[in-house]
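Participant: I have a structure I would like to understand better, so I am pasting it below and will then ask my questions one at a time.
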Amino acid sequence: MCRVDDINSMQRIGRALRLFCRYQATNLSSGMEYRGAFLTQVFAMIVNNSAFIIFWLILFERVGTIEGYDFSAVMFLWAITAVGFGIAAVFFGNSTYLSRIIYNGELDVYLLQPKPVMLNVLMSRSQVSGWGDMTYGIILFLATQPISVGSMLLFVLFSLLFSLVLVSLRVLYHSVTFFLGNAEELAARGSDMIISFALYPGTLFKGPVLMVLHSLIPAAFAAWIPYEIFSKFDLTKLALVICFDILLAAAALGVFRLGLRFYESGNRMGVRL
Amino acid sequence: MNCVLEVRNLEKTFRTKIKSSGLAASAKGLFSPSYKSVVAVDRISFDVARGEIIAFIGPNGAGKSTTIKMLTGILHPDAGDISVLGLNPHKQRRQLSYRIGTVFGQKSQLWFHLPPLDSFNLLGDIYDLDRTKARKRIAFLTEVFQIGEYLKVPVRKLSLGERIRCEIAASLIHEPEILFLDEPTIGLDVIVKARIRKLIKTINAEDQTTIFLTSHDTGDIGNICRRAIVINHGRIVWDDTVNRMKYSFFRKKKLALRLASPLKIDMPGVEIIKTKNSSASVEVDLDETDLSDVISAIMKSNQIRDMNISNPPLEEVISMIYSQDKT
Amino acid sequence: MKYARIFTISIREQLAYLPAMFVRNLFFIVLFFIFYSLWTAIYQSRTTLEGFTIVQMIWYLTFAESIELARSGVMTQIQDEVKDGTVVYGLVRPFSYIIFKISRAMGESIIRCLPVFGIGFVFAYMSVGPLDGYLTALPFGLLLLIGGLLLNVLWQVNIGLLSFWFEEIGPFFWILTKLVFIMGGLFFPIDLYPGWLAGIVRYLPFAFSAYWPAKTLVQFNHGVFLTGLQGLLIYATLLFSCSAALFTIARKRVHVQGG
């Protein structure tokens with residue numbers, strides 16, 4: 001019916017967008033079927049996040065500031081983390097299941113489709129509860145941060161970048177499955193850790209740990225430096241963050257592709273063929 | 001171009017780590033692992049013409065799945081050439097994917113939580129199909145596969161047979177020129193299997209789609225395919241029409257007998273398979289003796305109440321082919 | 001020879017679980033690390049906070065968290081049993097069923113408590129050194145700590161029993177854990193709370209799951225211990241009676257519906 005050589009780039013982008021929207025629409029409708037699960041997840045998220053708001057409120061009331069951070073600063077971290085997490089869950093919902101997909105050979109189905117494998121896999125599932133996280137993050141931002149055109153733009157940018165870092169990190173860790181066997185736990189831990197650290201003031205951590213927090217668990221680039229930029233705009237820092245994020249994404253794509261080649265040569269570790 | 005698939009001297013070897021038992025061996029395994037090479041596909045060659053229905057048969061581990069993966073481009077060969085519709089499956093995989101369809105028994109193309117219709121629409125977009133054309137095509141396939149009533153039921157609620165019908169329909173939305181099916185009837189009951197086979201034949205007749213299927217169910221071969229390739233230990237041991245397969249190997253006949261008294265016979269070329277009081281089952285090798293001789297011999301000392309002469313089942317034929325390959 | 005082999009096999013089996021154990025404990029390590037970083041930073045500009053020195057604060061956290069993170073799976077156990085019907089066996093002797101569940105859960109909690117406490121202990125010791133006066137506090141504090149574990153178990157048993165009425169009991173559990181978090185003084189002593197809130201929250205059951213045991217251990221005096229003990233006994237009895245009541249009502253309900 002249709003040949004790939006016939007279409008030009010504009011059409012290609014158009015089609016990609018159309019597919020993306022289709023993914024979202026169908027995933028949303030399937031999510032609605034599990035309305036119960038969706039509601040409980042959102043509820044749990046609200047309960048959990050509210051508890052932390054109270055925690056920080058009381059603590060800051062008692063101690064003033066902590067290493068340069070105040071209540072509003074910590075809420076900024078929460079806001080971009082929540083929205084970033086939500087974006088990752090909604091638009092790249094398979095990012096947490098990648099190891100399983102590789103391990104079970106489900107990758108084959110995606111290899112046989114005429115679309116870029118990594119994006120296809122990541123986008124073909126959507127965790128609908130992520131919309132809850134996104135909404136929460138936006139409301140939190142509007143309630144606790146100074147509102148201006150600039151601040152909102154930065155908020156959107158940093159939320160998007162956070163999700164980029166999160167998804168890239170997951171892809172990187174999950175890709176270990178190609179080479180060493182099921183890395184699902186590893187990736188889940190890495191994912192949890194970057195989120196955990198991102199929710200606390202970056203200035204708390206000193207010494208050698210900082211190296212890790214700028215690399216393996218790049219909470220610094222995902223949340224803390226963005227906060228620095230948000231409170232006092234610095235173009236160099238912004239460029240640094242964007243560079244790092246792009247490099248990370250490129251690395252993730254590269255490692256994934258390498259893993260794919262390994263997968264296609266058939267020498268998988270303990271995987272069902 | 002009449003030849004849609006050309007395979008020349010295809011080879012594939014897998015290296016697997018040898019896991020040894022014992023603490024010391026495990027520790028050694030961590031630092032200097034030893035590997036075992038398994039030749040999955042050992043220099044096979046064959047051609048497939050447009051519109052053929054061809055079955056790739058072999059026991060487990062024979063190399064069927066490996067071959068079909070190489071043909072579709074998801075596994076790359078160690079040596080040899082493959083040309084599918086003039087393209088190199090591994091190097092031109094994306095281009096090829098627009099023109100081939102696949103149904104892998106255990107792996108589903110359908111989204112588990114969604115109704116098949118949603119999956120069909122999604123696939124329409126994945127294959128860059130024009131929306132109106134896609135809709136018409138889906139309607140057509142729904143009709144042919146008679147899946148209208150399941151179209152809006154989430155896939156997870158469908159039975160295996162219903163799901164497979166939807167899977168095959170899904171694989172045909174973009175009108176592929178070749179359809180690859182890997183063990184499509186596995187796990188299905190007899191009636192459903194017959195239905196699926198009929199559908200496959202219909203597709204082939206209607207759209208001239210070349211069908212390439214792997215199976216170890218001989219019923220698939222008998223009922224759908226005109227040509228069969230038998231593969232064992234990574235090598236092709238038979239490549240010819242199913243008819244010829246049936247006739248070449250009918251050098252044995254099976255006799256199911258109901259007699260007046262227990263069977264007693266001792267003749268070269270006659271093997272008693274089962275005997276119990278007044279019934280017996282006997283295999284006659286036509287290379288060594290004549291059916292009429294055997295029957296007369298039995299009638300000499302007994303009375304035949306009922307008799308049924310049959311060909312060995314295709315399964316046995318295939319096993320024979322396998323065992324012949326002990327070279 | 002045979003025992004040597006059994007021994008090595010057993011070691012290998014345990015080693016096989018190492019990755020899973022490591023992963024679970026990694027979470028604790030990260031948690032404690034974050035908290036200790038937080039409090040070290042807070043104490044940079046002060047020596048005491050509401051009467052707590054940094055040594056006391058860090059040890060307070062260690063104890064409070066050990067209780068909380070040592071949760072057993074008794075809630076899901078009960079839920080599963082209600083869902084698949086095996087709870088029928090318990091219906092015959094409700095009293096012993098509940099006691100059985102509690103004792104089993106306590107055993108589980110105590111075992112789970114150990115590695116958590118171990119990690120916390122290491123962190124605390126390395127960052128602030130030993131706790132003053134811990135020897136005197138220890139027997140009393142440990143008693144309340146076990147009491148805290150018991151309270152948590154009782155809460156979970158009650159929530160588990162709610163699965164007779166509710167499909168999803170998860171939400172109840174989450175609310176409970178957050179209540180303990182906020183009102184139990186899990187992340188810092190209730191002494192830090194604004195006066196009006198502290199006054200109320202101190203005597204709510206949640207405080208006896210974390211605050212009172214931990215406070216007894218780090219700022220021991222008999223008054224604190226006695227309050228902790230009293231509250232513990234009152235709430236444990238209440239929760240226990242509640243579970244017994246729930247179970248009896250559930251039993252009637254099951255009979256009416258015919259299982």
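Numbering starts fresh at 1 for the residues of each chain in the structure tokens, the chains themselves are lettered A, B, ... in the order given, and ligands are numbered from 1 as they appear.
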Would you mind listing, as a ChimeraX atom specification, all residues of chain B that have at least one atom within 7 Å of chain A, where only C-alpha atoms are what counts?
Facilitator: /B:14-15,74-76,94-95,97-98,107,109,113-114,118,122,125-129,174-175
Participant: Atoms to include: C-alpha atoms. Write the selected residues as a JSON list (two decimals), in the first residue's frame.
Facilitator:
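Final output, result.json:
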[["chain", "number", "residue", "atom", "x", "y", "z"],
["B", 14, "PHE", "CA", 24.74, -19.92, 18.79],
["B", 15, "ARG", "CA", 27.24, -19.72, 21.56],
["B", 74, "ILE", "CA", 15.32, -9.87, 13.43],
["B", 75, "LEU", "CA", 18.29, -12.20, 13.62],
["B", 76, "HIS", "CA", 21.33, -11.79, 11.48],
["B", 94, "ARG", "CA", 12.40, -1.36, 7.85],
["B", 95, "GLN", "CA", 11.80, -1.28, 4.13],
["B", 97, "SER", "CA", 8.62, -4.63, 7.16],
["B", 98, "TYR", "CA", 6.12, -2.68, 5.08],
["B", 107, "LYS", "CA", 4.32, -13.08, 20.87],
["B", 109, "GLN", "CA", 1.10, -7.88, 18.02],
["B", 113, "HIS", "CA", -5.69, -4.54, 27.32],
["B", 114, "LEU", "CA", -7.24, -3.03, 24.24],
["B", 118, "ASP", "CA", -7.90, -0.35, 18.56],
["B", 122, "LEU", "CA", -2.86, 1.58, 15.73],
["B", 125, "ASP", "CA", -0.91, 4.20, 11.68],
["B", 126, "ILE", "CA", 2.26, 2.26, 12.33],
["B", 127, "TYR", "CA", 2.27, 1.12, 8.72],
["B", 128, "ASP", "CA", 1.49, 4.61, 7.48],
["B", 129, "LEU", "CA", -1.74, 3.56, 5.85],
["B", 174, "HIS", "CA", -1.05, -3.54, 5.41],
["B", 175, "GLU", "CA", -1.55, -6.09, 2.60]]
Participant: Pull out every residue of chain A that has at least one atom within 7 Å of chain C, counting only C-alpha atoms, and report them as a PyMOL selection string.
Facilitator: chain A and resi 40+44+47-48+51+55+58+62+66-67+204-205
Participant: With N, CA and C atoms retained, could you export that selection as a CSV table (one decimal), in the first residue's frame?
Facilitator:
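Now in result.csv:
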chain,number,residue,atom,x,y,z
A,40,THR,N,-7.2,4.8,42.7
A,40,THR,CA,-6.4,4.4,43.9
A,40,THR,C,-5.0,4.9,43.7
A,44,ALA,N,-3.3,7.5,46.2
A,44,ALA,CA,-2.1,7.2,47.0
A,44,ALA,C,-1.0,8.3,46.8
A,47,VAL,N,-2.0,11.4,48.8
A,47,VAL,CA,-1.8,11.2,50.2
A,47,VAL,C,-0.3,11.3,50.6
A,48,ASN,N,0.5,10.6,49.8
A,48,ASN,CA,1.9,10.6,50.0
A,48,ASN,C,2.5,12.0,49.9
A,51,ALA,N,1.6,14.4,52.7
A,51,ALA,CA,2.3,14.1,53.9
A,51,ALA,C,3.6,14.9,53.9
A,55,PHE,N,5.3,17.7,56.3
A,55,PHE,CA,6.6,17.5,56.8
A,55,PHE,C,7.5,18.7,56.6
A,58,ILE,N,6.3,22.0,58.5
A,58,ILE,CA,6.7,22.0,60.0
A,58,ILE,C,8.2,22.2,60.2
A,62,ARG,N,10.2,25.4,61.9
A,62,ARG,CA,11.0,25.2,63.1
A,62,ARG,C,12.5,25.6,62.9
A,66,ILE,N,17.4,25.6,55.3
A,66,ILE,CA,18.3,24.5,55.4
A,66,ILE,C,19.3,24.6,54.2
A,67,GLU,N,20.5,25.0,54.5
A,67,GLU,CA,21.5,25.1,53.4
A,67,GLU,C,21.0,25.9,52.2
A,204,LEU,N,22.5,19.6,50.5
A,204,LEU,CA,22.7,18.7,51.7
A,204,LEU,C,23.9,17.8,51.5
A,205,PHE,N,24.2,17.5,50.2
A,205,PHE,CA,25.1,16.4,49.9
A,205,PHE,C,26.5,17.0,49.5
Participant: As number ranges by chain, please: the residues near Ala73 of chain A (cut-off 9 Å, only C-alpha atoms, same-chain neighbours under 5 positions excluded).
Facilitator: A: 68, 78, 144-145, 201, 227, 231
Participant: Could the residues in this selection be saved with N, CA and C atoms as a short mmCIF file (atom, residue, chain, number, x, y, z; two decimals), in the first residue's frame?
Facilitator:
data_model
loop_
_atom_site.label_atom_id
_atom_site.label_comp_id
_atom_site.auth_asym_id
_atom_site.auth_seq_id
_atom_site.Cartn_x
_atom_site.Cartn_y
_atom_site.Cartn_z
N GLY A 68 20.42 26.96 52.48
CA GLY A 68 20.00 27.83 51.40
C GLY A 68 18.65 27.52 50.79
N TRP A 78 9.74 19.37 44.07
CA TRP A 78 8.61 18.46 43.99
C TRP A 78 7.80 18.68 42.71
N THR A 144 2.85 27.54 44.90
CA THR A 144 4.00 27.87 45.75
C THR A 144 5.10 28.69 45.09
N GLN A 145 5.04 28.88 43.79
CA GLN A 145 6.15 29.56 43.12
C GLN A 145 5.73 30.92 42.57
N PRO A 201 16.93 18.92 49.15
CA PRO A 201 17.84 20.00 48.74
C PRO A 201 19.20 19.45 48.34
N TYR A 227 16.95 24.17 39.78
CA TYR A 227 16.45 25.07 40.82
C TYR A 227 17.34 26.31 40.92
N SER A 231 15.98 30.08 40.52
CA SER A 231 16.00 31.15 41.54
C SER A 231 16.88 32.30 41.09
#
Participant: Might you pull out every residue within 9 Å of Phe123 of chain C, with only C-alpha atoms counted and same-chain residues fewer than 2 positions away left off, and present them as JSON, numbers by chain?
Facilitator: {"C": [29, 32, 33, 36, 62, 118, 119, 120, 121, 125, 126, 127, 128]}
Participant: Would you save the residues from that selection as a PDB file, in the first residue's frame, using C-alpha atoms?
Facilitator:
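The resulting selection.pdb:
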ATOM      1  CA  ILE C  29      20.893   2.768  52.994  1.00  0.00           C
ATOM      2  CA  PHE C  32      19.270   6.784  56.066  1.00  0.00           C
ATOM      3  CA  PHE C  33      21.936   8.540  54.057  1.00  0.00           C
ATOM      4  CA  TYR C  36      21.574  11.971  58.051  1.00  0.00           C
ATOM      5  CA  THR C  62      17.276   5.249  63.514  1.00  0.00           C
ATOM      6  CA  GLY C 118      21.815  -2.712  61.542  1.00  0.00           C
ATOM      7  CA  ILE C 119      22.194  -0.303  58.652  1.00  0.00           C
ATOM      8  CA  GLY C 120      20.824   2.595  60.699  1.00  0.00           C
ATOM      9  CA  PHE C 121      23.133   1.703  63.520  1.00  0.00           C
ATOM     10  CA  TYR C 125      27.505   5.400  64.819  1.00  0.00           C
ATOM     11  CA  MET C 126      29.682   6.610  61.972  1.00  0.00           C
ATOM     12  CA  SER C 127      28.147  10.041  61.832  1.00  0.00           C
ATOM     13  CA  VAL C 128      27.609  10.926  65.457  1.00  0.00           C
TER      14      VAL C 128
END
Participant: Could you list, as a list in words, every residue within 9 Å of Ile194 of chain A, counting only C-alpha atoms and ignoring same-chain residues fewer than 2 positions away?
Facilitator: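 My list of contacting residues is Leu166, Arg189, Gly190, Ser191, Asp192, Ser196, Phe197, Ala198, Leu199, Leu213, Leu216, Ile217, Pro218, Ala219 and Ala222 of chain A.
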Participant: Counting only C-alpha atoms, figure out which residue out of C:Gly148, C:Gly90, C:Gly51, C:Gly199 gets nearest to Gln219 of chain C.
Facilitator: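 Closest residue, counting only C-alpha atoms: C:Gly51.
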Participant: From the set A:Ser159, A:Asn94, A:Ser148, A:Ser50, which residue has the shortest atom-to-atom contact distance to Val128 of chain A, counting only C-alpha atoms?
Facilitator: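 Using only C-alpha atoms, the shortest distance to Val128 of chain A belongs to A:Asn94.
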Participant: Have a look at atom CA of Ala137 of chain C and atom CA of Gly231 of chain C and let me know their distance in Å, one decimal.
Facilitator: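 Separation of atom CA of Ala137 of chain C and atom CA of Gly231 of chain C: 18.2 Å.
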Participant: May I have the residues within 7 Å of Ser83 of chain B as a ChimeraX atom specification, using only C-alpha atoms and disregarding those fewer than 5 positions away in the same chain?
Facilitator: /B:5-7,88-89
Participant: Could you save those same residues with N, CA and C atoms as a short mmCIF file (atom, residue, chain, number, x, y, z; two decimals), in the first residue's frame?
Facilitator:
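Writing the result to selection.cif gives the following:
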data_model
loop_
_atom_site.label_atom_id
_atom_site.label_comp_id
_atom_site.auth_asym_id
_atom_site.auth_seq_id
_atom_site.Cartn_x
_atom_site.Cartn_y
_atom_site.Cartn_z
N LEU B 5 11.41 -15.35 -2.39
CA LEU B 5 12.32 -15.66 -1.30
C LEU B 5 13.45 -16.53 -1.82
N GLU B 6 14.67 -16.07 -1.63
CA GLU B 6 15.82 -16.87 -2.04
C GLU B 6 16.76 -17.01 -0.87
N VAL B 7 17.09 -18.24 -0.55
CA VAL B 7 18.02 -18.48 0.55
C VAL B 7 19.18 -19.33 0.04
N ASN B 88 17.48 -7.35 1.42
CA ASN B 88 18.22 -8.06 2.47
C ASN B 88 17.48 -7.82 3.78
N PRO B 89 16.92 -8.86 4.36
CA PRO B 89 16.05 -8.66 5.52
C PRO B 89 16.74 -7.94 6.67
#
Participant: Identify, on the basis of only C-alpha atoms, every residue whose closest approach to Asn2 of chain B does not exceed 9 Å; exclude the query and any residue fewer than 3 positions from it along the same chain; express the result as a list in words.
Facilitator: Val48, Ala49, Arg50 and Gly51 of chain B
Participant: So which residues of segment 124-257 of chain A fall under helix (DSSP H, G or I) by DSSP, listed as a ChimeraX atom specification?
Facilitator: /A:130-144,149-174,176-180,184-198,202-204,209-213,219-231,235-257
Participant: Take the residues from that selection and write them out as a compact mmCIF listing (two decimals), in the first residue's frame, keeping C-alpha atoms.
Facilitator:
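Produced file part19.txt, reproduced below:
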# COMPACT_ATOMS: atom_id res chain seq x y z
CA GLY A 130 0.78 9.85 35.31
CA TRP A 131 -1.81 12.46 34.43
CA GLY A 132 -2.48 12.69 38.15
CA ASP A 133 1.17 13.37 38.87
CA MET A 134 1.33 16.02 36.17
CA THR A 135 -1.77 17.78 37.45
CA TYR A 136 -0.45 17.69 40.97
CA GLY A 137 2.88 19.12 39.95
CA ILE A 138 1.29 21.96 38.02
CA ILE A 139 -1.05 22.87 40.87
CA LEU A 140 1.84 22.73 43.32
CA PHE A 141 3.88 25.03 41.14
CA LEU A 142 1.06 27.53 40.77
CA ALA A 143 0.45 27.48 44.50
CA THR A 144 4.00 27.87 45.75
CA VAL A 149 6.00 34.26 31.93
CA GLY A 150 9.65 33.50 32.56
CA SER A 151 9.06 31.27 35.57
CA MET A 152 6.37 29.29 33.79
CA LEU A 153 8.54 28.77 30.74
CA LEU A 154 11.39 27.56 32.90
CA PHE A 155 8.99 25.29 34.77
CA VAL A 156 7.80 23.68 31.56
CA LEU A 157 11.35 23.35 30.28
CA PHE A 158 12.72 21.80 33.44
CA SER A 159 9.80 19.40 33.78
CA LEU A 160 10.38 18.21 30.24
CA LEU A 161 14.09 17.89 30.87
CA PHE A 162 13.45 15.96 34.06
CA SER A 163 11.40 13.42 32.17
CA LEU A 164 14.10 13.24 29.52
CA VAL A 165 16.69 12.42 32.16
CA LEU A 166 14.41 9.91 33.87
CA VAL A 167 13.53 8.05 30.69
CA SER A 168 17.13 8.09 29.44
CA LEU A 169 18.35 6.75 32.76
CA ARG A 170 15.82 3.96 32.68
CA VAL A 171 16.72 3.03 29.11
CA LEU A 172 20.40 2.96 30.04
CA TYR A 173 19.91 0.72 33.01
CA HIS A 174 17.36 -1.52 31.36
CA VAL A 176 22.01 -3.90 30.70
CA THR A 177 19.51 -6.71 30.22
CA PHE A 178 20.78 -7.11 26.67
CA PHE A 179 24.22 -7.97 27.95
CA LEU A 180 24.00 -9.37 31.43
CA GLU A 184 14.83 -4.89 35.98
CA GLU A 185 15.74 -4.44 39.66
CA LEU A 186 18.79 -2.39 38.81
CA ALA A 187 16.79 -0.04 36.65
CA ALA A 188 13.98 0.24 39.18
CA ARG A 189 16.45 1.13 41.94
CA GLY A 190 18.20 3.68 39.77
CA SER A 191 14.88 5.22 38.90
CA ASP A 192 13.75 5.33 42.54
CA MET A 193 17.00 6.80 43.69
CA ILE A 194 17.11 9.68 41.29
CA ILE A 195 13.57 10.59 42.28
CA SER A 196 14.32 10.26 45.99
CA PHE A 197 17.41 12.43 45.82
CA ALA A 198 15.78 14.98 43.54
CA GLY A 202 20.93 19.33 46.67
CA THR A 203 23.06 21.39 49.01
CA LEU A 204 22.74 18.72 51.70
CA VAL A 209 28.73 11.37 46.80
CA LEU A 210 28.29 14.44 44.66
CA MET A 211 30.18 12.73 41.86
CA VAL A 212 27.63 9.98 41.82
CA LEU A 213 24.81 12.52 41.96
CA ALA A 219 19.72 14.26 40.43
CA ALA A 220 21.88 17.36 40.24
CA PHE A 221 21.24 17.87 36.56
CA ALA A 222 17.65 16.73 36.79
CA ALA A 223 16.51 18.92 39.68
CA TRP A 224 19.07 20.86 41.72
CA ILE A 225 20.85 22.87 39.06
CA PRO A 226 17.49 23.66 37.45
CA TYR A 227 16.45 25.07 40.82
CA GLU A 228 19.57 27.20 40.93
CA ILE A 229 18.74 28.51 37.48
CA PHE A 230 15.13 29.09 38.48
CA SER A 231 16.00 31.15 41.54
CA LEU A 235 22.67 31.06 31.00
CA THR A 236 25.86 29.04 31.41
CA LYS A 237 24.23 26.71 33.89
CA LEU A 238 21.24 26.34 31.62
CA ALA A 239 23.47 25.42 28.70
CA LEU A 240 25.29 22.94 30.93
CA VAL A 241 22.08 21.24 31.98
CA ILE A 242 20.76 21.01 28.44
CA CYS A 243 24.07 19.64 27.19
CA PHE A 244 24.21 17.00 29.85
CA ASP A 245 20.63 15.93 29.24
CA ILE A 246 21.18 15.64 25.51
CA LEU A 247 24.36 13.65 26.07
CA LEU A 248 22.57 11.35 28.46
CA ALA A 249 19.77 10.77 25.96
CA ALA A 250 22.29 10.11 23.21
CA ALA A 251 24.13 7.66 25.45
CA ALA A 252 20.89 5.88 26.24
CA LEU A 253 20.01 5.59 22.58
CA GLY A 254 23.52 4.43 21.75
CA VAL A 255 23.62 1.75 24.41
CA PHE A 256 20.16 0.59 23.44
CA ARG A 257 21.17 0.29 19.79
